[in-house]
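Engineer: This structure is in structure tokens; I'll ask about it shortly.
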Amino acid sequence: MPKSLPFSISRSMALQGLLEEASPPAGARAPGRAWTPGEAPPPAGAPASPRPQQQAGLRLLIVMGKGGTGKTTVAGALAVALARRGQKVLAVSVDPAHNLGDVLATHLGPEPQQITGAAPLRPPGGARAGGHVRDARWQPGLWALEMDVRREMDRYLEQLAGSVRGAYRYLEVLNLGRYLETLRFSPGVEEQAVLEAIGRLRSLAERDSFDVLILDTPPTGQAMRLLSLPAVSVQWAEQLAQVRRALLERRAAIARAVGPEEATLGGEGGVRLQLPTDPRHDEVMGILLDYSARSGALQQWMRDPALCGVVMVRNPDRLSGLETGRALQDLAAFGIPVALGVLNRMGRPLDAESEAARGGQDLIRLFISGFEARVPGSDPEPLDLPFPVRAVPLRDPEPSGVEALAEVSRSLVD
Ligand SMILES: Nc1ncnc2c1ncn2[C@@H]1O[C@H](COP(=O)(O)OP(=O)(O)OP(=O)(O)O)[C@@H](O)[C@H]1O
Ligand SMILES: [Mg+2]
């Protein structure tokens, strides 16, 4: 009987699904030339299946790991590989210390920018029908951006200010400026702003028919706070909604006894307002329910093994193994599935044949080294890890640019 981890991780099929839907590796057919919209249609008999995303929904791959293990390099390599296979890919760095642009050897800003050289080398099936592009917005390829976390914070605080200003417009003593400055430095606000931005990017990616959103994240602790936020937010909003409901019930009881509570808008002689007692007409309740629904939708997306998967990157050293073990345990607790384990910067090449013969056990053993003490049972027993593991060798020079990343990706997805 294979041993399994002492915590239960669900296996994500998101990456596998993308690879199965995509056309075969580009190099196999039309070397050295990118397909561009406007060319002759693909040969007769090419599959005319509908867009993968129409069948399955936007996929989310979250690349995580200890600082400096190669998250950005792996995120870039996966992005290039999937784009070359005909998927429409949006790669986003949410690490405030960005280097996705460095890895792709291009300058990136906060708006999606197409990466040249990462388009598929042949048109994927279904892109065209009868010589016409079916959906003018859809072209395969890679787009990338580095999120401006400061700008997202400003936007989030501005949006909050708008809501508070609207819901409490009768409170003249409210010092909104001070309230927002305090919020800016409150724990969790940066993560909340990033999460709101991810929600917006998701809508944008769906609107523009992207197949996959790849997130390059900051080191484990910070990334984990981000990923835990949707679940925490849903609970928090539900509790606040209960408090608000109790307040409205009390207000309703007072209104029945002594008449409705009123406030004056615009100072003395201004418009008289009746404060709501019904949750359906209460603006604050509306804001809470809307927030809860948005957080819940993200949580659902991140927990769906068909759509979302973490790519966990580690190096061979013990400390990065220990951190990986803790991260996997946290992911299991949050219900976020794992798509792939990556042993990056392997100093010694693994024997591919013996690897195949052992069903990946050498790699799995290496991947769990550092936290194997948590796995009960004796060593020679095979370990039933719920996700595949790939090794990427230490490369010299360090990978930079689309072609170098395509090389790295051969260890990941070929
Ligand atoms: N397989 C590899 N072979 C050689 N160098 C690599 C490999 N993978 C990554 N590197 C190099 O290691 C360094 C760290 O890689 P990278 O920036 O991708 O890691 P990271 O986990 O994103 O780091 P951070 O936590 O700072 O965001 C970079 O200089 C990168 O070029
Ligand atoms: Mg990085």
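We label chains A, B, ... in the order they appear in the structure tokens, count residues from 1 in each chain, and number ligands from 1 in the order shown.
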Please identify the residues whose atoms come within 6 Å of ligand 1, using only C-alpha atoms and all ligand atoms, and report them as a count of residues only.

Structural biologist: 18

Engineer: Please identify all protein, DNA and RNA residues within 12 Å of ligand 2, counting only C-alpha atoms and all ligand atoms, and report them as a PDB file with C-alpha atoms, in the first residue's frame.

Structural biologist:
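Listed below is the output, selection_13.pdb:
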```
ATOM      1  CA  VAL A  63       3.070  29.536  -8.706  1.00  0.00           C
ATOM      2  CA  MET A  64       4.281  29.414  -5.107  1.00  0.00           C
ATOM      3  CA  GLY A  65       7.391  28.622  -3.097  1.00  0.00           C
ATOM      4  CA  LYS A  66      10.085  29.882  -0.789  1.00  0.00           C
ATOM      5  CA  GLY A  67      11.881  33.121  -1.709  1.00  0.00           C
ATOM      6  CA  GLY A  68      14.407  32.736  -4.520  1.00  0.00           C
ATOM      7  CA  THR A  69      13.540  29.122  -5.452  1.00  0.00           C
ATOM      8  CA  GLY A  70      12.573  30.028  -9.032  1.00  0.00           C
ATOM      9  CA  LYS A  71       8.843  30.860  -8.859  1.00  0.00           C
ATOM     10  CA  THR A  72       9.062  33.640 -11.436  1.00  0.00           C
ATOM     11  CA  THR A  73      11.218  31.527 -13.755  1.00  0.00           C
ATOM     12  CA  VAL A  74       8.765  28.607 -13.533  1.00  0.00           C
ATOM     13  CA  ALA A  75       5.757  30.929 -13.986  1.00  0.00           C
ATOM     14  CA  GLY A  76       7.405  32.413 -17.102  1.00  0.00           C
ATOM     15  CA  VAL A  92       0.561  38.323 -13.754  1.00  0.00           C
ATOM     16  CA  SER A  93       3.114  39.128 -11.085  1.00  0.00           C
ATOM     17  CA  VAL A  94       1.446  39.996  -7.782  1.00  0.00           C
ATOM     18  CA  ASP A  95       4.772  40.173  -5.961  1.00  0.00           C
ATOM     19  CA  PRO A  96       5.433  43.814  -5.000  1.00  0.00           C
ATOM     20  CA  ALA A  97       9.137  43.057  -5.696  1.00  0.00           C
ATOM     21  CA  HIS A  98       8.523  42.232  -9.356  1.00  0.00           C
ATOM     22  CA  ASN A  99      10.866  40.402 -11.664  1.00  0.00           C
ATOM     23  CA  LEU A 100       8.549  38.784 -14.201  1.00  0.00           C
ATOM     24  CA  GLY A 101       9.676  41.426 -16.707  1.00  0.00           C
ATOM     25  CA  ASP A 102      13.345  40.585 -15.986  1.00  0.00           C
ATOM     26  CA  VAL A 103      12.695  36.894 -16.525  1.00  0.00           C
ATOM     27  CA  LEU A 104      10.815  37.550 -19.794  1.00  0.00           C
ATOM     28  CA  GLU A 146       3.239  43.416 -13.186  1.00  0.00           C
ATOM     29  CA  LEU A 215      -0.018  34.165 -10.942  1.00  0.00           C
ATOM     30  CA  ASP A 216       3.595  34.692  -9.936  1.00  0.00           C
ATOM     31  CA  THR A 217       3.400  35.209  -6.185  1.00  0.00           C
ATOM     32  CA  PRO A 218       5.622  36.612  -3.419  1.00  0.00           C
ATOM     33  CA  PRO A 219       7.405  34.123  -1.096  1.00  0.00           C
ATOM     34  CA  THR A 220       5.280  31.521   0.729  1.00  0.00           C
ATOM     35  CA  ALA A 223       1.301  34.313  -0.768  1.00  0.00           C
ATOM     36  CA  VAL A 313       8.409  25.210  -6.467  1.00  0.00           C
TER      37      VAL A 313
END
```

Engineer: Can you pull out every residue from stretch 159-397 of chain A that DSSP, working from the backbone, puts in alpha helix (DSSP H), and format the result as a PyMOL selection string?

Structural biologist: chain A and resi 159-167+176-184+189-207+220-258+283-303+318-334+352-357+361-368

Engineer: Write a file of the selected residues as a short mmCIF file (atom, residue, chain, number, x, y, z; two decimals), in the first residue's frame, keeping C-alpha atoms.

Structural biologist:
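Result saved to selection_20.cif:
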```
data_model
loop_
_atom_site.label_atom_id
_atom_site.label_comp_id
_atom_site.auth_asym_id
_atom_site.auth_seq_id
_atom_site.Cartn_x
_atom_site.Cartn_y
_atom_site.Cartn_z
CA GLN A 159 -13.64 52.51 -3.54
CA LEU A 160 -14.03 51.98 0.21
CA ALA A 161 -14.24 55.73 0.74
CA GLY A 162 -17.02 55.90 -1.88
CA SER A 163 -19.02 53.18 -0.11
CA VAL A 164 -18.57 54.68 3.35
CA ARG A 165 -19.37 58.17 2.08
CA GLY A 166 -22.57 56.84 0.48
CA ALA A 167 -23.75 54.69 3.37
CA LEU A 176 -13.02 59.99 6.20
CA GLY A 177 -9.47 61.08 5.33
CA ARG A 178 -8.12 59.99 8.69
CA TYR A 179 -10.10 56.76 8.61
CA LEU A 180 -8.60 55.84 5.22
CA GLU A 181 -5.04 56.71 6.24
CA THR A 182 -5.42 54.39 9.24
CA LEU A 183 -6.79 51.69 6.95
CA ARG A 184 -3.84 51.98 4.56
CA VAL A 189 -5.44 45.67 3.50
CA GLU A 190 -2.69 45.20 0.92
CA GLU A 191 -3.70 41.57 0.38
CA GLN A 192 -7.34 42.63 0.12
CA ALA A 193 -6.45 45.22 -2.53
CA VAL A 194 -4.48 42.59 -4.50
CA LEU A 195 -7.35 40.14 -4.23
CA GLU A 196 -9.83 42.72 -5.53
CA ALA A 197 -7.44 43.31 -8.44
CA ILE A 198 -7.24 39.56 -9.14
CA GLY A 199 -11.06 39.50 -9.22
CA ARG A 200 -11.03 42.30 -11.78
CA LEU A 201 -8.33 40.59 -13.86
CA ARG A 202 -10.41 37.44 -13.85
CA SER A 203 -13.36 39.33 -15.37
CA LEU A 204 -11.08 40.97 -17.92
CA ALA A 205 -9.49 37.63 -18.85
CA GLU A 206 -12.90 36.01 -19.23
CA ARG A 207 -14.19 38.87 -21.35
CA THR A 220 5.28 31.52 0.73
CA GLY A 221 4.15 33.41 3.87
CA GLN A 222 2.89 36.43 1.97
CA ALA A 223 1.30 34.31 -0.77
CA MET A 224 -0.44 32.16 1.82
CA ARG A 225 -1.97 35.22 3.49
CA LEU A 226 -3.33 36.22 0.08
CA LEU A 227 -4.75 32.76 -0.64
CA SER A 228 -6.34 32.43 2.80
CA LEU A 229 -8.11 35.76 2.45
CA PRO A 230 -11.22 34.74 0.43
CA ALA A 231 -12.22 32.16 3.07
CA VAL A 232 -11.47 34.54 5.95
CA SER A 233 -13.37 37.35 4.19
CA VAL A 234 -16.48 35.24 3.65
CA GLN A 235 -16.59 34.37 7.38
CA TRP A 236 -15.85 37.93 8.44
CA ALA A 237 -18.53 39.41 6.16
CA GLU A 238 -21.08 36.85 7.40
CA GLN A 239 -20.36 37.74 11.02
CA LEU A 240 -20.60 41.46 10.32
CA ALA A 241 -23.87 40.87 8.45
CA GLN A 242 -25.24 39.14 11.58
CA VAL A 243 -24.25 42.11 13.73
CA ARG A 244 -25.85 44.47 11.21
CA ARG A 245 -29.03 42.38 11.13
CA ALA A 246 -29.26 42.57 14.95
CA LEU A 247 -28.78 46.36 14.81
CA LEU A 248 -31.53 46.72 12.19
CA GLU A 249 -33.89 44.56 14.26
CA ARG A 250 -33.28 46.78 17.28
CA ARG A 251 -33.84 49.89 15.15
CA ALA A 252 -37.11 48.37 13.89
CA ALA A 253 -38.25 47.67 17.47
CA ILE A 254 -37.52 51.28 18.48
CA ALA A 255 -39.33 52.54 15.35
CA ARG A 256 -42.43 50.53 16.34
CA ALA A 257 -42.35 51.97 19.86
CA VAL A 258 -41.46 55.64 19.27
CA GLU A 283 -26.94 50.13 2.08
CA VAL A 284 -24.43 48.80 4.61
CA MET A 285 -25.99 45.34 4.40
CA GLY A 286 -25.83 45.58 0.61
CA ILE A 287 -22.10 46.35 0.76
CA LEU A 288 -21.47 43.42 3.12
CA LEU A 289 -23.42 40.95 1.01
CA ASP A 290 -21.73 42.13 -2.17
CA TYR A 291 -18.29 41.75 -0.56
CA SER A 292 -19.20 38.30 0.73
CA ALA A 293 -20.42 37.24 -2.74
CA ARG A 294 -17.21 38.48 -4.43
CA SER A 295 -14.98 36.73 -1.89
CA GLY A 296 -17.10 33.58 -2.11
CA ALA A 297 -16.79 33.49 -5.91
CA LEU A 298 -12.97 33.71 -5.67
CA GLN A 299 -12.90 31.06 -2.97
CA GLN A 300 -14.99 28.73 -5.11
CA TRP A 301 -12.70 29.28 -8.12
CA MET A 302 -9.56 28.62 -6.05
CA ARG A 303 -11.01 25.40 -4.61
CA ARG A 318 16.45 21.17 3.34
CA LEU A 319 15.00 24.54 4.36
CA SER A 320 13.05 24.93 1.16
CA GLY A 321 11.77 21.37 1.79
CA LEU A 322 10.58 22.27 5.28
CA GLU A 323 8.79 25.35 3.97
CA THR A 324 7.18 23.30 1.19
CA GLY A 325 5.84 20.81 3.73
CA ARG A 326 4.23 23.57 5.79
CA ALA A 327 2.83 25.26 2.68
CA LEU A 328 1.25 22.01 1.45
CA GLN A 329 -0.34 21.52 4.83
CA ASP A 330 -1.81 25.04 4.73
CA LEU A 331 -3.09 24.55 1.18
CA ALA A 332 -4.80 21.34 2.31
CA ALA A 333 -6.43 23.27 5.16
CA PHE A 334 -7.71 25.98 2.78
CA ALA A 352 15.32 9.57 -17.04
CA GLU A 353 15.06 5.84 -17.70
CA SER A 354 15.38 4.71 -14.13
CA GLU A 355 12.97 7.49 -13.28
CA ALA A 356 10.32 6.13 -15.62
CA ALA A 357 10.91 2.61 -14.33
CA GLN A 361 9.43 7.62 -6.96
CA ASP A 362 12.96 9.09 -7.00
CA LEU A 363 11.58 12.49 -7.81
CA ILE A 364 8.82 12.20 -5.25
CA ARG A 365 11.32 11.15 -2.60
CA LEU A 366 13.49 14.15 -3.46
CA PHE A 367 10.50 16.46 -3.50
CA ILE A 368 9.40 15.46 -0.02
#
```

Engineer: Any idea what the distance is between atom CA of A:Val311 and atom CA of A:Arg59?

Structural biologist: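 The value is 12.9 Å.
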
Engineer: Would you pick out the contacts of A:Ala79 at 7 Å or less, using only C-alpha atoms, so that residues sharing its chain but fewer than 3 positions from it are not included, and give the list as a list in words?

Structural biologist: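 Answer for this query is Ala75, Gly76, Leu82, Ala83, Val89, Ala91 and Leu142 of chain A.
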
Engineer: Convert the current residue selection to file output with N, CA and C atoms, as a PDB file, in the first residue's frame.

Structural biologist:
```
ATOM      1  N   ALA A  75       6.993  30.302 -13.484  1.00  0.00           N
ATOM      2  CA  ALA A  75       5.757  30.929 -13.986  1.00  0.00           C
ATOM      3  C   ALA A  75       5.955  31.358 -15.444  1.00  0.00           C
ATOM      4  N   GLY A  76       7.114  31.971 -15.733  1.00  0.00           N
ATOM      5  CA  GLY A  76       7.405  32.413 -17.102  1.00  0.00           C
ATOM      6  C   GLY A  76       7.502  31.225 -18.046  1.00  0.00           C
ATOM      7  N   LEU A  82       2.564  27.110 -22.495  1.00  0.00           N
ATOM      8  CA  LEU A  82       1.124  27.002 -22.786  1.00  0.00           C
ATOM      9  C   LEU A  82       0.747  27.884 -23.968  1.00  0.00           C
ATOM     10  N   ALA A  83       1.361  29.074 -24.038  1.00  0.00           N
ATOM     11  CA  ALA A  83       1.064  29.970 -25.171  1.00  0.00           C
ATOM     12  C   ALA A  83       1.522  29.324 -26.479  1.00  0.00           C
ATOM     13  N   VAL A  89      -2.777  33.087 -22.835  1.00  0.00           N
ATOM     14  CA  VAL A  89      -2.252  33.099 -21.470  1.00  0.00           C
ATOM     15  C   VAL A  89      -2.060  34.534 -20.971  1.00  0.00           C
ATOM     16  N   ALA A  91      -0.083  36.197 -17.857  1.00  0.00           N
ATOM     17  CA  ALA A  91       0.821  35.968 -16.718  1.00  0.00           C
ATOM     18  C   ALA A  91       0.893  37.257 -15.910  1.00  0.00           C
ATOM     19  N   LEU A 142       0.818  35.107 -25.505  1.00  0.00           N
ATOM     20  CA  LEU A 142       1.104  35.398 -24.099  1.00  0.00           C
ATOM     21  C   LEU A 142       1.056  36.901 -23.843  1.00  0.00           C
TER      22      LEU A 142
END
```

Engineer: Using DSSP on the backbone, list every residue of stretch 180-318 of chain A that comes out as strand (DSSP E), and give them as a PyMOL selection string.

Structural biologist: chain A and resi 212-216+262-265+271-274+308-314
